[in-house]
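Enquirer: Take this structure first; my questions come after.
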Amino acid sequence: MLHRLAHEPEARALYLFPTKALSEDQLHEFHSIVEAMGSGIRAFTYDGDTPQDARKQIRERANVVLTNPDMLHAGILPHHTKWTKLFENLRYIVIDELHTYRGVFGSHLANVLRRLKRICAFYGAKPQFICCSATIANPQPLAEALTGEAFELIGQNGAPAGEKYFVCYNPPVVNRQLGIRRSYLNETRRIASELVLRGQQTLVFANNRLATEVLLTYLKDACARPPARPDSVRGYRGGYLPRERREIERGLRDGDIRCVVSTNALELGIDIGSLDVVVLAGYPGTIASTWQRSGRAGRRLGTSLALLIASSAPLDQYMVEHPEYFFESPPEHAYINPDNLEILVNHLKCAAFELPVRDGELFGPHETAELCQFLQELGVVHHSAAAWHWTADSYPADAISLRSVTSDNFVVIDVTRGEEVIAEVAFPAALTELHEKAIYLHEARQYQVERMDYDGRKAYVRQVECDYYTDAIDYTQVKILEQFDGRALGDAAAAHGEVRVNRQIVGFKKIKFYTNENVGAGNLSLPEQEMHTTSYWLHFPGPFLQEFAHLSKDDLLNALTGLGNALRTVGSLLLMCDPRDLGVALTEEIAEGVERFEPKLHLYDTYPGGIGQSSPLHGMTPQLLAGAEELIRNCACESGCPSCVGPAGETGHGAKQAALEILTRLNAAISR
């Protein structure tokens, strides 16, 4: 690309990175090459942090524009007339970190690229796509699904790499009857603080925001004594303000910061220098993510260590007991569903805003006539002169977030000394983290939420000193809207289809630091959230349950809850997806004409419209049920533990045996 730009000064290129931090990092690298060449090639980042007075100059003068999918979607495509010079001369579109565009984010990006290609064609350009991916099983099919273009794969890796040790550590069992192991967070604290005190620059990955902040609190306490210093330990996650994140990245490169506790925000290839050790607090959910995270240590030629500390979760235990699965299996396939109707229609609205949709025009592979008629009924487009024109006053791209269910976020305002914005939190997470009386953790400081302004999307917090944090309790109800397919399993049945999921935060627990004791609880009444998605379910009618008449209704519910935990673990392995992409719910609804208790156990997609998990799960019913039986039967605990059906204290002491009985019966029906 540099060769083309050096010989054709008017040519243009567009680089897409999944995060702003990565754009800045790559711009710095790009400039160093251009300066060494002595070339006049001009490259700039264009994102939400770009000053207003610089934007016009960038549109006019930049040979290379580095941006992210969100800015392309909401800031460039809707204003394409200001970017005429770029689109008329666009030769290359480079999509970096291709493996991150999976699930809902990838489904959105595929539609953004359909809009981008449509605008390029309008200006007479046909740019070449170049995609770069880290560890993933299907880079070429994913690139082709995202762009709708044919690709050639270059798969030989010639990058230099130093010697790396990869250690899987399973914390010791402290209660054999209940199958409870020593806390993985406490073990992470113990090992990471030892590494820091021995002078190793360490990056600790946690799997969610709460675990990140709890670990950060522990490690700051542990490093309060010399030779370490508490300010040499920092946190890093989405929600921190950009200034804080740049400061932490710089501190890592300079060596001033000796330990960072991060969510997956540092998983991507931002240059943070050469780290000695990566500690993974819990299995990240996918083989690809595990290799990505472990690769942050030893990026030069020195010896490095990656240490995976397993939690009691079934997937963690499976990985640590079967390391050959991790080391010998290929990384996961990335799946997208760009034709998810909810996502597709939203991007067709944006396309109509950008350019009228001509009669007979395709959007990707789709006919647009019926969809445009639907938009006309909504009152946002009008048919005239053989095309559909946008007529609404609204700006459609503003209402669509590429990364989540909703584009809303909550702003966190600290009122301890005046009012200061300290963070932002995505809408779904805000309901569990910013409810009134919640303890919000930020940079290992505790803030109590004094008021949640739900309509204004603000949370007012005050700094406090306390020895506990809070964890929300939610209630989920699933209702079947339409069944797509089904199969009999003796008297029981398996099926998949469209469902409505209603979720409500109903309370919270107070959990003590270090001991994890429950020291209190509270009730909440937040607005219910509703979502349409797809689900796979098992139906247990009366005749099937008669075989289990020796179990009380509570024991049966506990067994099915435990069965759901095991099915989600095995399902995420079969689908090669993150377990958090699958929700589990047990419904007890009494349908019309049903006189007795006939529960359904759901594994549903946790994204609106679904991302295509339920159909393959239904097709793999025999493997799913056989795998769940093997998982539970081979677990060494006596009556249920976090590694199989869940802790006996939550699912009851008979849940393991009862879940095994149910699975044995289902598997026998399949083998017949």
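Please note that chains go A, B, ... in the order of the structure tokens, that every chain numbers its residues from 1, and that ligands are numbered from 1 in the order shown.
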Please report, as a list in words, each residue of range 369-416 of chain A to which DSSP assigns alpha helix (DSSP H) when run on this structure's backbone.
Expert: Ala369, Glu370, Leu371, Cys372, Gln373, Phe374, Leu375, Gln376, Glu377 and Leu378 of chain A
Enquirer: For the interface of range 40-124 of chain A with range 11-31 of chain A (cut-off 12 Å, counting only C-alpha atoms), please tabulate each contacting residue of range 40-124 of chain A alongside its nearest pair of atoms and their separation in Å to one decimal, rows sorted by chain and increasing number, as a Markdown table.
Expert:
| residue | atom | partner | partner_atom | distance |
| --- | --- | --- | --- | --- |
| A:Gly40 | CA | A:His31 | CA | 10.4 |
| A:Ile41 | CA | A:His31 | CA | 9.0 |
| A:Arg42 | CA | A:His31 | CA | 8.5 |
| A:Ala43 | CA | A:Leu27 | CA | 7.2 |
| A:Phe44 | CA | A:Leu27 | CA | 7.0 |
| A:Thr45 | CA | A:Ser23 | CA | 6.6 |
| A:Tyr46 | CA | A:Ser23 | CA | 8.9 |
| A:Asp47 | CA | A:Lys20 | CA | 7.1 |
| A:Gly48 | CA | A:Lys20 | CA | 8.5 |
| A:Asp49 | CA | A:Lys20 | CA | 8.5 |
| A:Thr50 | CA | A:Lys20 | CA | 10.4 |
| A:Ile58 | CA | A:Arg12 | CA | 11.7 |
| A:Arg59 | CA | A:Arg12 | CA | 10.7 |
| A:Glu60 | CA | A:Arg12 | CA | 10.8 |
| A:Arg61 | CA | A:Arg12 | CA | 9.7 |
| A:Ala62 | CA | A:Arg12 | CA | 7.6 |
| A:Asn63 | CA | A:Arg12 | CA | 4.7 |
| A:Val64 | CA | A:Ala13 | CA | 4.8 |
| A:Val65 | CA | A:Leu14 | CA | 5.0 |
| A:Leu66 | CA | A:Tyr15 | CA | 4.7 |
| A:Thr67 | CA | A:Leu16 | CA | 5.2 |
| A:Asn68 | CA | A:Phe17 | CA | 4.9 |
| A:Pro69 | CA | A:Leu16 | CA | 6.4 |
| A:Asp70 | CA | A:Pro18 | CA | 8.5 |
| A:Met71 | CA | A:Leu16 | CA | 9.6 |
| A:Leu72 | CA | A:Leu16 | CA | 8.5 |
| A:His73 | CA | A:Leu16 | CA | 11.3 |
| A:Ile76 | CA | A:Leu14 | CA | 11.2 |
| A:Trp83 | CA | A:Arg12 | CA | 11.1 |
| A:Thr84 | CA | A:Arg12 | CA | 11.2 |
| A:Lys85 | CA | A:Arg12 | CA | 8.4 |
| A:Leu86 | CA | A:Arg12 | CA | 5.9 |
| A:Phe87 | CA | A:Arg12 | CA | 8.0 |
| A:Glu88 | CA | A:Arg12 | CA | 8.6 |
| A:Asn89 | CA | A:Ala11 | CA | 5.2 |
| A:Leu90 | CA | A:Arg12 | CA | 4.6 |
| A:Arg91 | CA | A:Arg12 | CA | 5.8 |
| A:Tyr92 | CA | A:Ala13 | CA | 4.8 |
| A:Ile93 | CA | A:Leu14 | CA | 4.8 |
| A:Val94 | CA | A:Tyr15 | CA | 4.7 |
| A:Ile95 | CA | A:Leu16 | CA | 4.9 |
| A:Asp96 | CA | A:Phe17 | CA | 5.5 |
| A:Glu97 | CA | A:Phe17 | CA | 6.9 |
| A:Leu98 | CA | A:Pro18 | CA | 8.7 |
| A:His99 | CA | A:Pro18 | CA | 10.2 |
| A:Thr100 | CA | A:Pro18 | CA | 7.5 |
| A:Tyr101 | CA | A:Pro18 | CA | 8.3 |
| A:Arg102 | CA | A:Pro18 | CA | 11.6 |
| A:Phe105 | CA | A:Pro18 | CA | 9.8 |
| A:Gly106 | CA | A:Pro18 | CA | 10.6 |
| A:Leu109 | CA | A:Pro18 | CA | 10.3 |
| A:Val112 | CA | A:Leu16 | CA | 11.7 |
| A:Leu113 | CA | A:Leu16 | CA | 10.9 |
| A:Leu116 | CA | A:Leu14 | CA | 11.0 |
| A:Cys120 | CA | A:Leu14 | CA | 11.9 |
Enquirer: Select, from A:Phe129, A:Tyr604, A:Phe544, A:Tyr447, the residue with the minimum atom-to-atom distance to Gly571 in chain A, counting only C-alpha atoms.
Expert: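 Among the listed residues, A:Tyr604 lies closest to Gly571 in chain A.
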Enquirer: For a quick check of understanding, using only C-alpha atoms, which of A:Ile33, A:Ala161, A:Leu545, A:Leu142 has the smallest distance to Gly302 in chain A?
Expert: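 Once distances to Gly302 in chain A are computed over only C-alpha atoms, the minimum belongs to A:Ala161.
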Enquirer: Which residues come within 10 Å of Leu567 in chain A, counting only C-alpha atoms, excluding same-chain residues fewer than 3 positions away, as a PyMOL selection string?
Expert: chain A and resi 561-564+570-573+584+601-603+624-629+631+644-645
Enquirer: Can I get the selected residues back with N, CA and C atoms, as a PDB file, in the first residue's frame?
Expert:
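Produced file result-v4.pdb, reproduced below:
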ATOM      1  N   THR A 561     -31.943 -27.154  37.019  1.00  0.00           N
ATOM      2  CA  THR A 561     -31.030 -25.997  37.082  1.00  0.00           C
ATOM      3  C   THR A 561     -29.590 -26.465  36.919  1.00  0.00           C
ATOM      4  N   GLY A 562     -29.246 -27.543  37.634  1.00  0.00           N
ATOM      5  CA  GLY A 562     -27.898 -28.110  37.509  1.00  0.00           C
ATOM      6  C   GLY A 562     -27.627 -28.633  36.113  1.00  0.00           C
ATOM      7  N   LEU A 563     -28.638 -29.248  35.510  1.00  0.00           N
ATOM      8  CA  LEU A 563     -28.513 -29.750  34.143  1.00  0.00           C
ATOM      9  C   LEU A 563     -28.242 -28.584  33.183  1.00  0.00           C
ATOM     10  N   GLY A 564     -28.931 -27.448  33.395  1.00  0.00           N
ATOM     11  CA  GLY A 564     -28.716 -26.256  32.562  1.00  0.00           C
ATOM     12  C   GLY A 564     -27.277 -25.765  32.636  1.00  0.00           C
ATOM     13  N   VAL A 570     -21.068 -27.562  28.022  1.00  0.00           N
ATOM     14  CA  VAL A 570     -20.822 -28.444  26.873  1.00  0.00           C
ATOM     15  C   VAL A 570     -21.230 -27.735  25.577  1.00  0.00           C
ATOM     16  N   GLY A 571     -22.344 -26.989  25.613  1.00  0.00           N
ATOM     17  CA  GLY A 571     -22.800 -26.254  24.431  1.00  0.00           C
ATOM     18  C   GLY A 571     -21.773 -25.245  23.954  1.00  0.00           C
ATOM     19  N   SER A 572     -21.132 -24.515  24.897  1.00  0.00           N
ATOM     20  CA  SER A 572     -20.137 -23.518  24.482  1.00  0.00           C
ATOM     21  C   SER A 572     -18.891 -24.191  23.909  1.00  0.00           C
ATOM     22  N   LEU A 573     -18.575 -25.408  24.386  1.00  0.00           N
ATOM     23  CA  LEU A 573     -17.458 -26.164  23.794  1.00  0.00           C
ATOM     24  C   LEU A 573     -17.801 -26.622  22.378  1.00  0.00           C
ATOM     25  N   VAL A 584     -29.064 -19.177  30.226  1.00  0.00           N
ATOM     26  CA  VAL A 584     -29.798 -20.370  30.668  1.00  0.00           C
ATOM     27  C   VAL A 584     -31.018 -19.920  31.456  1.00  0.00           C
ATOM     28  N   LEU A 601     -36.318 -26.155  29.583  1.00  0.00           N
ATOM     29  CA  LEU A 601     -34.978 -25.673  29.914  1.00  0.00           C
ATOM     30  C   LEU A 601     -34.384 -25.019  28.663  1.00  0.00           C
ATOM     31  N   HIS A 602     -34.133 -23.719  28.730  1.00  0.00           N
ATOM     32  CA  HIS A 602     -33.702 -22.942  27.559  1.00  0.00           C
ATOM     33  C   HIS A 602     -32.210 -22.630  27.598  1.00  0.00           C
ATOM     34  N   LEU A 603     -31.551 -22.751  26.439  1.00  0.00           N
ATOM     35  CA  LEU A 603     -30.231 -22.165  26.188  1.00  0.00           C
ATOM     36  C   LEU A 603     -30.467 -21.133  25.084  1.00  0.00           C
ATOM     37  N   LEU A 624     -24.536 -33.001  22.615  1.00  0.00           N
ATOM     38  CA  LEU A 624     -24.752 -32.105  23.753  1.00  0.00           C
ATOM     39  C   LEU A 624     -25.138 -32.899  25.001  1.00  0.00           C
ATOM     40  N   LEU A 625     -26.103 -33.805  24.858  1.00  0.00           N
ATOM     41  CA  LEU A 625     -26.589 -34.566  26.010  1.00  0.00           C
ATOM     42  C   LEU A 625     -25.548 -35.595  26.471  1.00  0.00           C
ATOM     43  N   ALA A 626     -24.863 -36.225  25.516  1.00  0.00           N
ATOM     44  CA  ALA A 626     -23.824 -37.203  25.884  1.00  0.00           C
ATOM     45  C   ALA A 626     -22.669 -36.503  26.601  1.00  0.00           C
ATOM     46  N   GLY A 627     -22.307 -35.316  26.111  1.00  0.00           N
ATOM     47  CA  GLY A 627     -21.216 -34.561  26.737  1.00  0.00           C
ATOM     48  C   GLY A 627     -21.570 -34.111  28.150  1.00  0.00           C
ATOM     49  N   ALA A 628     -22.833 -33.700  28.349  1.00  0.00           N
ATOM     50  CA  ALA A 628     -23.266 -33.266  29.684  1.00  0.00           C
ATOM     51  C   ALA A 628     -23.228 -34.437  30.666  1.00  0.00           C
ATOM     52  N   GLU A 629     -23.668 -35.634  30.195  1.00  0.00           N
ATOM     53  CA  GLU A 629     -23.647 -36.811  31.081  1.00  0.00           C
ATOM     54  C   GLU A 629     -22.207 -37.169  31.456  1.00  0.00           C
ATOM     55  N   LEU A 631     -19.590 -35.151  31.551  1.00  0.00           N
ATOM     56  CA  LEU A 631     -19.063 -34.103  32.435  1.00  0.00           C
ATOM     57  C   LEU A 631     -19.481 -34.345  33.883  1.00  0.00           C
ATOM     58  N   CYS A 644     -19.500 -28.977  37.895  1.00  0.00           N
ATOM     59  CA  CYS A 644     -20.443 -29.795  37.111  1.00  0.00           C
ATOM     60  C   CYS A 644     -21.825 -29.144  37.101  1.00  0.00           C
ATOM     61  N   VAL A 645     -22.664 -29.438  38.123  1.00  0.00           N
ATOM     62  CA  VAL A 645     -24.041 -28.918  38.102  1.00  0.00           C
ATOM     63  C   VAL A 645     -24.193 -27.619  38.873  1.00  0.00           C
TER      64      VAL A 645
END
Enquirer: Figure out the distance between CA of Glu630 in chain A and CA of Phe548 in chain A, please, to one decimal in Å.
Expert: 20.9 Å
Enquirer: Using only C-alpha atoms, what table do you get, as a tab-separated table, when you list each residue of range 221-287 of chain A with an atom no more than 12 Å from range 194-197 of chain A, its nearest pair of atoms, and their distance in Å rounded to one decimal, rows by chain then rising number?
Expert:
residue	atom	partner	partner_atom	distance
A:Ala222	CA	A:Glu194	CA	9.1
A:Cys223	CA	A:Leu197	CA	7.6
A:Ala224	CA	A:Leu197	CA	10.6
A:Arg225	CA	A:Leu197	CA	9.4
A:Pro226	CA	A:Leu197	CA	8.3
A:Pro227	CA	A:Leu197	CA	6.7
A:Ala228	CA	A:Leu197	CA	6.1
A:Arg229	CA	A:Leu197	CA	9.7
A:Pro230	CA	A:Val196	CA	11.2
A:Ser232	CA	A:Val196	CA	9.5
A:Val233	CA	A:Val196	CA	9.2
A:Ile257	CA	A:Val196	CA	10.3
A:Arg258	CA	A:Val196	CA	6.6
A:Cys259	CA	A:Val196	CA	6.8
A:Val260	CA	A:Val196	CA	10.4
A:Leu275	CA	A:Val196	CA	11.7
A:Asp276	CA	A:Leu195	CA	9.5
A:Val277	CA	A:Leu195	CA	8.2
A:Val278	CA	A:Leu195	CA	10.2
A:Val279	CA	A:Leu195	CA	9.9
Enquirer: Nearest to Arg580 in chain A: which of A:Asn207, A:Ser312, A:Ser401, A:Asn516 is it, counting only C-alpha atoms?
Expert: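 Looking only at the distances to Arg580 in chain A, the closest residue turns out to be A:Asn207.
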Enquirer: As a count of residues only, please: the residues near Glu433 in chain A (cut-off 9 Å, only C-alpha atoms, same-chain neighbours under 2 positions excluded).
Expert: 12
Enquirer: Would you please extract all strand (DSSP E) residues from range 150-390 of chain A, as assigned by DSSP on the backbone, and give them as a count of residues only?
Expert: 49
